[in-house]
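Here is the structure we will look at.
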Amino acid sequence: MDELNKQLGYKEKEYMTIDSIDGEIATINFGPTHPATHGIFQNILKVNGEKIISSEQTVGYIHRAFEKLAERRPYNQITPITDRLNYCSSPINNIGWHMTVEKLIGAEIPKRVDYMRVIVMELARIADHLICNSVVGVDTGALTGFTYMFQEREKIYELYEEICGARLTTNIGRIGGFERDFSPVFHSKIKKFLKEFPKIFGEFTSLLSRNRIFMDRTIGVGAISAERAMEYGFVGPNLRAAGVDYDVRVMNPYSSYQDFQFDIPVGIQGDTYDRFMVRQEEIRQSLSIIQQALDAMPEGSYKADIPEFYLPPKEEVYNNMEALIYHFKIVMGETNIPAGEVYFSVEGGNGELGYYLISDGGRSPYRLQFRRPCFIYYQAFPEMITGQVLSDAVLTLSSLNVIAGELDA
Amino acid sequence: MGNNKTEEIIEFLNENFPGSILATENSFGIPIIEVDSAMAHKIIKFLKDDSRFAINFLTLLGAVHYPDQKDRELVVVYHLHSWTQNLKIRLKAFLPISNPVIRTVSDIHLCANWMERETYDFYGVIFEGHTNLKRILNEDSMDYFPLRKEYALEDATREDKDDRFFGRFKAQ
């Protein structure tokens with residue numbers, strides 16, 4: 001690794017730190033409501049001047065007992081809970097949950113639904129990574145990129161709106177597919193987005209990726225080796241930045257991901273710069289996946305044939321006896337799910353997002369546990385910032401993309 | 001993931017830990033292996049160090065509460081994943097609720113640290129040898145373990161709402 005770094009021209013990060021004048025160690029609160037934490041988490045830092053000596057984390061400020069709530073709710077009503085895990089990419093959470101239930105009930109999902117889901121999930125991944133990367137920019141002092149990228153994120157939200165009517169907490173789709181097919185407006189909007197976004201995104205990339213100030217601020221900051229990252233349970237872009245190409249979409253393809261051609265970008269050093277660059281490249285790969293899915297969109301239905309679980313369209317409810325019965329059963333949560341236990345995972349914005357569902361044959365899960373990637377890898381944060389300066393801790397935190405909703409569930 | 005591998009690993013464990021594998025079951029292609037709770041630590045370490053399966057990653061650790069099973073009320077579930085073989089297994093270790101003590105695996109898989117704290121927080125499973133076993137998501141002064149089944153979600157003192165119609169729990 002050292003040899004490689006030398007070849008690439010990376011040098012050991014040199015800090016110009018000022019020790020405290022009287023050599024005293026101060027204890028400061030970084031968070032819970034500090035603007036630079038981008039969420040509600042507290043770090044109690046011991047600092048000598050600017051240098052961090054140790055850090056202790058407090059989590060749980062927005063704990064909402066989702067796992068307990070889920071034990072009473074019918075399956076359809078759990079989808080809105082999953083919205084609020086990683087709220088930067090809620091469609092991935094929603095669809096992951098739908099697919100978990102579908103796996104347990106053994107539903108056969110039409111190919112068209114798979115492709116539609118891939119489009120929505122990749123849009124969500126772009127939105128997630130855009131937020132993370134533009135915020136990394138903000139933390140280095142570059143606010144411009146952030147404002148432009150939020151405009152682009154807005155366009156993705158408009159696409160969600162076109163599909164399901166909601167924006168942030170989307171509650172998108174249903175168990176078995178979508179509530180309706182993609183509208184012509186959606187198609188024209190996504191076409192426009194795919195055409196215009198790469199240019200604006202390229203401008204954002206050129207603003208930061210070879211920017212001297214940005215590189216000096218990020219290279220070597222908050223680095224973690226591949227071995228340590230795996231020990232700490234890193235997944236997703238943060239692990240890939242350390243050089244391990246683990247991706248659920250490739251390892252255990254779901255929703256027809258095996259049909260698409262895409263690359264898995266990996267970093268070398270596992271530092272903030274690599275995490276930034278991996279996310280940048282993943283956005284480009286996601287765009288390519290969306291294009292492929294749109295081009296090869298199979299004909300067929302936008303929903304699976306599982307009347308017991310799929311809420312029927314309202315027009316049918318008023319005119320069709322069976323639809324009325326199923327509507328009532330689903331809305332009142334009277335549909336039982338077969339007994340069994342299943343673990344299903346998708347590649348979320350932050351990596352392997354898992355659902356461990358145990359059903360005893362009732363109307364709500366006996367136990368539902370979320371594998372929340374943030375919660376698991378946030379443990380490594382003290383190790384990553386010890387010995388660094390305070391301003392680098394801010395950058396490390398934002399480049400890890402720790403989302404409070406996912407952290408605390 | 002073929003069935004061969006799942007059978008192989010069960011056989012492999014039976015050979016190396018005779019008597020510690022109490023039951024096996026297959027759920028959606030993933031072997032669920034019930035192990036002796038005293039041996040869980042050894043088995044997980046063995047699986048990680050073993051070169052053939054190299055089960056290097058602890059995906060998830062959690063617990064489930066089954067109040068009706070006498071002396072096997074709590075179960076600690078380990079989701080393990082071998083990235084080289086793409087082999088997933090699930091280990092289960094049952095514990096009596098009167099003495100829910102199991103050895104920590106945070107010395108094998110660092111990421112278990114917080115997951116064990118979370119499991120302690122919600123189920124009261126005590127992980128022996130854990131360096132910092134205290135509540136993580138709930139506040140420190142809490143004196144019960146909220147995900148255990150005896151705690152109904154609704155306020156138990158409410159009389160205006162019959163829980164039987166709104167969930168699985170009977171009004172208490």
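Labels used: A, B, ... for chains in the order of the structure tokens, numbers from 1 for residues in each chain, and numbers from 1 for ligands as shown.
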
Give me the residues within 12 Å of A:Cys374 as a PDB file with C-alpha atoms, in the first residue's frame, counting only C-alpha atoms and dropping any in the same chain fewer than 4 places off.
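Result file out19.pdb:
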ATOM      1  CA  VAL A  59     -26.524   7.672  19.468  1.00  0.00           C
ATOM      2  CA  LEU A  85     -34.688   4.816   7.845  1.00  0.00           C
ATOM      3  CA  ASN A  86     -32.395   6.298   5.233  1.00  0.00           C
ATOM      4  CA  TYR A 232     -16.057  -2.928  11.335  1.00  0.00           C
ATOM      5  CA  GLY A 233     -18.781  -4.201   9.040  1.00  0.00           C
ATOM      6  CA  PHE A 234     -18.404  -1.549   6.369  1.00  0.00           C
ATOM      7  CA  VAL A 235     -20.488  -2.067   3.253  1.00  0.00           C
ATOM      8  CA  GLY A 236     -21.420  -0.029   0.227  1.00  0.00           C
ATOM      9  CA  PRO A 237     -19.472   2.937  -1.121  1.00  0.00           C
ATOM     10  CA  ASN A 238     -17.486   3.337   2.086  1.00  0.00           C
ATOM     11  CA  LEU A 239     -16.132  -0.195   1.854  1.00  0.00           C
ATOM     12  CA  GLY A 348     -28.975   0.731  -0.312  1.00  0.00           C
ATOM     13  CA  GLY A 349     -27.418   4.144  -0.550  1.00  0.00           C
ATOM     14  CA  ASN A 350     -25.013   3.196   2.214  1.00  0.00           C
ATOM     15  CA  GLY A 351     -24.568  -0.473   1.434  1.00  0.00           C
ATOM     16  CA  GLU A 352     -26.215  -3.713   2.390  1.00  0.00           C
ATOM     17  CA  LEU A 353     -29.623  -2.839   3.741  1.00  0.00           C
ATOM     18  CA  GLY A 354     -31.125  -6.008   5.163  1.00  0.00           C
ATOM     19  CA  PHE A 370     -33.385  -4.045   9.964  1.00  0.00           C
ATOM     20  CA  TYR A 378     -20.537   4.357  12.514  1.00  0.00           C
ATOM     21  CA  GLN A 379     -18.708   2.440  15.269  1.00  0.00           C
ATOM     22  CA  ALA A 380     -15.475   2.993  13.370  1.00  0.00           C
ATOM     23  CA  PHE A 381     -15.780   6.761  13.549  1.00  0.00           C
ATOM     24  CA  LEU A 397     -18.516  12.251   9.224  1.00  0.00           C
ATOM     25  CA  SER A 398     -20.160  13.722   6.151  1.00  0.00           C
ATOM     26  CA  SER A 399     -18.250  11.491   3.755  1.00  0.00           C
ATOM     27  CA  LEU A 400     -19.387   8.404   5.670  1.00  0.00           C
ATOM     28  CA  ASN A 401     -22.933   9.545   4.903  1.00  0.00           C
ATOM     29  CA  VAL A 402     -24.234   8.691   8.347  1.00  0.00           C
ATOM     30  CA  ILE A 403     -27.982   9.300   8.247  1.00  0.00           C
ATOM     31  CA  ALA A 404     -29.540   9.826  11.647  1.00  0.00           C
ATOM     32  CA  GLY A 405     -32.759   8.053  10.698  1.00  0.00           C
ATOM     33  CA  GLU A 406     -30.940   4.931   9.690  1.00  0.00           C
ATOM     34  CA  LEU A 407     -28.536   5.101  12.604  1.00  0.00           C
ATOM     35  CA  ASP A 408     -31.204   5.225  15.276  1.00  0.00           C
ATOM     36  CA  ALA A 409     -34.108   3.424  13.592  1.00  0.00           C
TER      37      ALA A 409
ATOM     38  CA  CYS B 111     -18.778  -4.850  14.233  1.00  0.00           C
ATOM     39  CA  TRP B 114     -22.738  -2.168  18.843  1.00  0.00           C
ATOM     40  CA  MET B 115     -25.040  -4.914  17.656  1.00  0.00           C
TER      41      MET B 115
END

Contacts from chain B to chain A, 7 Å maximum, only C-alpha atoms: show me the residue list as a ChimeraX atom specification. /B:27,60,64,109-111,114,136-138,147,167-168

Based on the selection just made, write N, CA and C atoms of those residues as a PDB file, in the first residue's frame.
ATOM      1  N   SER B  27     -33.855 -22.528   5.182  1.00  0.00           N
ATOM      2  CA  SER B  27     -34.877 -21.535   4.903  1.00  0.00           C
ATOM      3  C   SER B  27     -34.430 -20.701   3.718  1.00  0.00           C
ATOM      4  N   LEU B  60     -25.319  -9.514  10.491  1.00  0.00           N
ATOM      5  CA  LEU B  60     -26.310  -8.998  11.433  1.00  0.00           C
ATOM      6  C   LEU B  60     -26.306  -9.870  12.677  1.00  0.00           C
ATOM      7  N   VAL B  64     -34.373 -12.740  19.349  1.00  0.00           N
ATOM      8  CA  VAL B  64     -35.819 -12.883  19.239  1.00  0.00           C
ATOM      9  C   VAL B  64     -36.301 -13.438  20.568  1.00  0.00           C
ATOM     10  N   HIS B 109     -15.490 -10.469  15.583  1.00  0.00           N
ATOM     11  CA  HIS B 109     -15.993  -9.502  14.611  1.00  0.00           C
ATOM     12  C   HIS B 109     -16.204  -8.190  15.353  1.00  0.00           C
ATOM     13  N   LEU B 110     -15.384  -7.201  15.036  1.00  0.00           N
ATOM     14  CA  LEU B 110     -15.474  -5.916  15.729  1.00  0.00           C
ATOM     15  C   LEU B 110     -16.854  -5.292  15.618  1.00  0.00           C
ATOM     16  N   CYS B 111     -17.493  -5.505  14.461  1.00  0.00           N
ATOM     17  CA  CYS B 111     -18.778  -4.850  14.233  1.00  0.00           C
ATOM     18  C   CYS B 111     -19.860  -5.369  15.177  1.00  0.00           C
ATOM     19  N   TRP B 114     -21.492  -2.930  18.684  1.00  0.00           N
ATOM     20  CA  TRP B 114     -22.738  -2.168  18.843  1.00  0.00           C
ATOM     21  C   TRP B 114     -23.968  -3.044  18.682  1.00  0.00           C
ATOM     22  N   ILE B 136     -27.652   1.460  24.294  1.00  0.00           N
ATOM     23  CA  ILE B 136     -27.136   2.282  23.188  1.00  0.00           C
ATOM     24  C   ILE B 136     -28.198   3.205  22.609  1.00  0.00           C
ATOM     25  N   LEU B 137     -29.382   2.679  22.307  1.00  0.00           N
ATOM     26  CA  LEU B 137     -30.401   3.539  21.705  1.00  0.00           C
ATOM     27  C   LEU B 137     -31.363   4.096  22.747  1.00  0.00           C
ATOM     28  N   ASN B 138     -31.628   3.326  23.784  1.00  0.00           N
ATOM     29  CA  ASN B 138     -32.516   3.810  24.833  1.00  0.00           C
ATOM     30  C   ASN B 138     -31.707   4.550  25.896  1.00  0.00           C
ATOM     31  N   LEU B 147     -38.121  -4.724  23.773  1.00  0.00           N
ATOM     32  CA  LEU B 147     -38.573  -5.581  22.670  1.00  0.00           C
ATOM     33  C   LEU B 147     -39.034  -6.954  23.142  1.00  0.00           C
ATOM     34  N   GLY B 167     -54.149  -5.623  16.715  1.00  0.00           N
ATOM     35  CA  GLY B 167     -52.809  -6.170  16.695  1.00  0.00           C
ATOM     36  C   GLY B 167     -52.803  -7.561  17.255  1.00  0.00           C
ATOM     37  N   ARG B 168     -51.628  -8.079  17.419  1.00  0.00           N
ATOM     38  CA  ARG B 168     -51.544  -9.456  17.854  1.00  0.00           C
ATOM     39  C   ARG B 168     -51.679  -9.598  19.354  1.00  0.00           C
TER      40      ARG B 168
END

Would you kindly return, as a PyMOL selection string, each protein, DNA or RNA residue with an atom no farther than 9 Å from any atom of B:Asn113, considering only C-alpha atoms and excluding same-chain residues fewer than 3 positions away? (chain A and resi 376+379) or (chain B and resi 104-107+109-110+116-118+130-133)

Residues from last step as file, N, CA and C atoms, as a JSON list (two decimals), in the first residue's frame:
[["chain", "number", "residue", "atom", "x", "y", "z"],
["A", 376, "ILE", "N", -23.97, 0.14, 11.86],
["A", 376, "ILE", "CA", -22.87, -0.78, 12.05],
["A", 376, "ILE", "C", -21.54, -0.10, 11.76],
["A", 379, "GLN", "N", -19.58, 2.82, 14.15],
["A", 379, "GLN", "CA", -18.71, 2.44, 15.27],
["A", 379, "GLN", "C", -17.26, 2.80, 15.00],
["B", 104, "THR", "N", -19.39, -12.95, 24.28],
["B", 104, "THR", "CA", -19.38, -11.95, 23.20],
["B", 104, "THR", "C", -18.60, -12.45, 21.99],
["B", 105, "VAL", "N", -19.00, -11.98, 20.80],
["B", 105, "VAL", "CA", -18.18, -12.27, 19.62],
["B", 105, "VAL", "C", -17.51, -11.01, 19.11],
["B", 106, "SER", "N", -17.57, -9.94, 19.91],
["B", 106, "SER", "CA", -16.98, -8.68, 19.44],
["B", 106, "SER", "C", -15.46, -8.76, 19.38],
["B", 107, "ASP", "N", -14.87, -9.80, 19.98],
["B", 107, "ASP", "CA", -13.42, -9.97, 19.81],
["B", 107, "ASP", "C", -13.10, -10.66, 18.48],
["B", 109, "HIS", "N", -15.49, -10.47, 15.58],
["B", 109, "HIS", "CA", -15.99, -9.50, 14.61],
["B", 109, "HIS", "C", -16.20, -8.19, 15.35],
["B", 110, "LEU", "N", -15.38, -7.20, 15.04],
["B", 110, "LEU", "CA", -15.47, -5.92, 15.73],
["B", 110, "LEU", "C", -16.85, -5.29, 15.62],
["B", 116, "GLU", "N", -24.28, -6.03, 19.68],
["B", 116, "GLU", "CA", -24.50, -6.70, 20.96],
["B", 116, "GLU", "C", -25.06, -5.72, 21.99],
["B", 117, "ARG", "N", -24.56, -4.50, 21.92],
["B", 117, "ARG", "CA", -25.11, -3.49, 22.84],
["B", 117, "ARG", "C", -26.59, -3.27, 22.56],
["B", 118, "GLU", "N", -26.95, -3.25, 21.28],
["B", 118, "GLU", "CA", -28.34, -3.07, 20.90],
["B", 118, "GLU", "C", -29.18, -4.25, 21.39],
["B", 130, "HIS", "N", -17.82, -8.56, 26.95],
["B", 130, "HIS", "CA", -17.98, -7.33, 26.16],
["B", 130, "HIS", "C", -17.34, -6.17, 26.93],
["B", 131, "THR", "N", -16.64, -5.30, 26.20],
["B", 131, "THR", "CA", -15.88, -4.27, 26.90],
["B", 131, "THR", "C", -16.74, -3.10, 27.36],
["B", 132, "ASN", "N", -17.88, -2.92, 26.76],
["B", 132, "ASN", "CA", -18.66, -1.71, 27.04],
["B", 132, "ASN", "C", -20.14, -2.02, 26.93],
["B", 133, "LEU", "N", -20.61, -2.99, 27.71],
["B", 133, "LEU", "CA", -21.99, -3.43, 27.55],
["B", 133, "LEU", "C", -22.93, -2.49, 28.30]]

When you draw a straight line from atom CA of A:Phe146 to atom CA of A:Phe197, how long is it in Å?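 Calculated distance between atom CA of A:Phe146 and atom CA of A:Phe197 is 14.5 Å.
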
Using only C-alpha atoms, find the one residue out of A:Ala36, A:Ala26, A:Ile325, A:Cys132 that sits nearest to A:Ile283.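 The closest residue to A:Ile283 is A:Cys132.
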
Report the distance between atom CA of A:Glu281 and atom CA of A:Asp392 in Å, rounded to one decimal place. 23.1 Å

For A:Ser286, which of A:Lys303, A:Lys199, A:Arg112, A:Arg249 is the closest residue, counting only C-alpha atoms?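 Under the stated criterion, the closest residue is A:Arg249.
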
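Coordinates place atom CA of A:Asp305 at a distance of 15.9 Å from atom CA of A:Ile337.
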
Could you list, as a ChimeraX atom specification, every residue within 7 Å of stretch 21-23 of chain B, counting only C-alpha atoms and ignoring same-chain residues fewer than 6 positions away? /B:14,33-36

Can you pull out every residue from chain B that DSSP, working from the backbone, puts in strand (DSSP E or B), and format the result as a VMD selection string? chain B and resid 21 to 27 30 to 35 57 to 65 74 to 82 87 to 95 101 to 103 126 to 128

Residues as selected, N, CA and C atoms, written as a compact mmCIF listing (two decimals), in the first residue's frame, can you do that?
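Output file again_30.txt follows:
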# COMPACT_ATOMS: atom_id res chain seq x y z
N ILE B 21 -24.03 -29.14 17.56
CA ILE B 21 -25.01 -28.74 16.55
C ILE B 21 -26.31 -29.42 16.93
N LEU B 22 -27.26 -28.63 17.39
CA LEU B 22 -28.46 -29.22 17.98
C LEU B 22 -29.56 -29.46 16.96
N ALA B 23 -29.65 -28.61 15.97
CA ALA B 23 -30.69 -28.79 14.96
C ALA B 23 -30.30 -27.99 13.73
N THR B 24 -30.77 -28.45 12.58
CA THR B 24 -30.54 -27.67 11.36
C THR B 24 -31.82 -27.61 10.57
N GLU B 25 -31.88 -26.57 9.78
CA GLU B 25 -33.10 -26.35 9.00
C GLU B 25 -32.68 -25.49 7.82
N ASN B 26 -33.45 -25.55 6.75
CA ASN B 26 -33.09 -24.77 5.58
C ASN B 26 -34.20 -23.79 5.27
N SER B 27 -33.86 -22.53 5.18
CA SER B 27 -34.88 -21.54 4.90
C SER B 27 -34.43 -20.70 3.72
N ILE B 30 -30.79 -20.86 2.85
CA ILE B 30 -29.81 -20.51 3.88
C ILE B 30 -29.95 -21.49 5.04
N PRO B 31 -28.85 -22.18 5.41
CA PRO B 31 -28.96 -23.11 6.53
C PRO B 31 -29.08 -22.36 7.85
N ILE B 32 -30.07 -22.77 8.63
CA ILE B 32 -30.21 -22.22 9.97
C ILE B 32 -29.72 -23.30 10.92
N ILE B 33 -28.69 -23.00 11.66
CA ILE B 33 -28.04 -24.01 12.48
C ILE B 33 -28.18 -23.62 13.93
N GLU B 34 -28.83 -24.47 14.69
CA GLU B 34 -28.95 -24.19 16.11
C GLU B 34 -27.74 -24.77 16.82
N VAL B 35 -27.03 -23.93 17.56
CA VAL B 35 -25.82 -24.40 18.22
C VAL B 35 -25.96 -24.25 19.73
N PHE B 57 -17.61 -12.42 7.45
CA PHE B 57 -18.40 -11.21 7.69
C PHE B 57 -19.62 -11.52 8.54
N LEU B 58 -19.77 -10.74 9.60
CA LEU B 58 -20.98 -10.84 10.42
C LEU B 58 -21.95 -9.79 9.91
N THR B 59 -22.96 -10.27 9.19
CA THR B 59 -23.89 -9.32 8.58
C THR B 59 -24.79 -8.68 9.62
N LEU B 60 -25.32 -9.51 10.49
CA LEU B 60 -26.31 -9.00 11.43
C LEU B 60 -26.31 -9.87 12.68
N LEU B 61 -26.54 -9.22 13.80
CA LEU B 61 -26.66 -9.96 15.06
C LEU B 61 -27.88 -9.40 15.78
N GLY B 62 -28.71 -10.28 16.26
CA GLY B 62 -29.89 -9.79 16.95
C GLY B 62 -30.48 -10.89 17.81
N ALA B 63 -31.62 -10.61 18.39
CA ALA B 63 -32.26 -11.60 19.23
C ALA B 63 -33.75 -11.65 18.92
N VAL B 64 -34.37 -12.74 19.35
CA VAL B 64 -35.82 -12.88 19.24
C VAL B 64 -36.30 -13.44 20.57
N HIS B 65 -37.50 -13.05 20.96
CA HIS B 65 -38.06 -13.52 22.22
C HIS B 65 -39.25 -14.43 21.93
N LEU B 74 -35.10 -16.83 24.89
CA LEU B 74 -34.39 -15.87 24.04
C LEU B 74 -33.48 -16.61 23.09
N VAL B 75 -33.40 -16.09 21.88
CA VAL B 75 -32.47 -16.69 20.93
C VAL B 75 -31.63 -15.58 20.30
N VAL B 76 -30.33 -15.79 20.33
CA VAL B 76 -29.42 -14.85 19.67
C VAL B 76 -29.15 -15.38 18.28
N VAL B 77 -29.36 -14.54 17.28
CA VAL B 77 -29.23 -14.96 15.88
C VAL B 77 -28.01 -14.28 15.26
N TYR B 78 -27.12 -15.08 14.70
CA TYR B 78 -25.95 -14.54 14.01
C TYR B 78 -26.12 -14.81 12.51
N HIS B 79 -26.11 -13.74 11.73
CA HIS B 79 -26.15 -13.90 10.27
C HIS B 79 -24.72 -13.79 9.78
N LEU B 80 -24.19 -14.88 9.26
CA LEU B 80 -22.80 -14.88 8.81
C LEU B 80 -22.75 -15.04 7.30
N HIS B 81 -21.73 -14.46 6.72
CA HIS B 81 -21.64 -14.44 5.26
C HIS B 81 -20.18 -14.62 4.86
N SER B 82 -19.93 -15.56 3.97
CA SER B 82 -18.59 -15.71 3.42
C SER B 82 -18.55 -15.03 2.07
N LEU B 87 -21.49 -17.64 0.64
CA LEU B 87 -22.26 -18.60 1.43
C LEU B 87 -22.78 -17.90 2.67
N LYS B 88 -24.10 -17.97 2.84
CA LYS B 88 -24.69 -17.34 4.02
C LYS B 88 -25.15 -18.43 4.97
N ILE B 89 -24.88 -18.26 6.24
CA ILE B 89 -25.47 -19.17 7.22
C ILE B 89 -26.01 -18.35 8.39
N ARG B 90 -26.90 -18.97 9.11
CA ARG B 90 -27.52 -18.30 10.24
C ARG B 90 -27.37 -19.21 11.46
N LEU B 91 -26.68 -18.73 12.47
CA LEU B 91 -26.52 -19.53 13.69
C LEU B 91 -27.50 -19.01 14.73
N LYS B 92 -28.07 -19.96 15.47
CA LYS B 92 -28.99 -19.56 16.53
C LYS B 92 -28.53 -20.19 17.84
N ALA B 93 -28.52 -19.41 18.88
CA ALA B 93 -28.17 -19.92 20.20
C ALA B 93 -29.29 -19.55 21.16
N PHE B 94 -29.95 -20.58 21.68
CA PHE B 94 -31.08 -20.33 22.59
C PHE B 94 -30.58 -20.14 24.01
N LEU B 95 -31.24 -19.24 24.73
CA LEU B 95 -30.84 -18.94 26.11
C LEU B 95 -32.08 -18.89 26.99
N VAL B 101 -27.07 -15.38 29.37
CA VAL B 101 -25.65 -15.01 29.26
C VAL B 101 -25.01 -15.79 28.12
N ILE B 102 -24.30 -15.08 27.28
CA ILE B 102 -23.58 -15.73 26.18
C ILE B 102 -22.28 -14.98 25.99
N ARG B 103 -21.27 -15.69 25.49
CA ARG B 103 -19.97 -15.03 25.31
C ARG B 103 -20.02 -14.08 24.12
N ILE B 126 -27.04 -10.76 28.05
CA ILE B 126 -25.76 -10.28 28.60
C ILE B 126 -24.63 -10.96 27.85
N PHE B 127 -23.80 -10.14 27.22
CA PHE B 127 -22.68 -10.67 26.45
C PHE B 127 -21.44 -10.64 27.32
N GLU B 128 -21.02 -11.82 27.73
CA GLU B 128 -19.89 -11.93 28.64
C GLU B 128 -18.60 -11.55 27.92
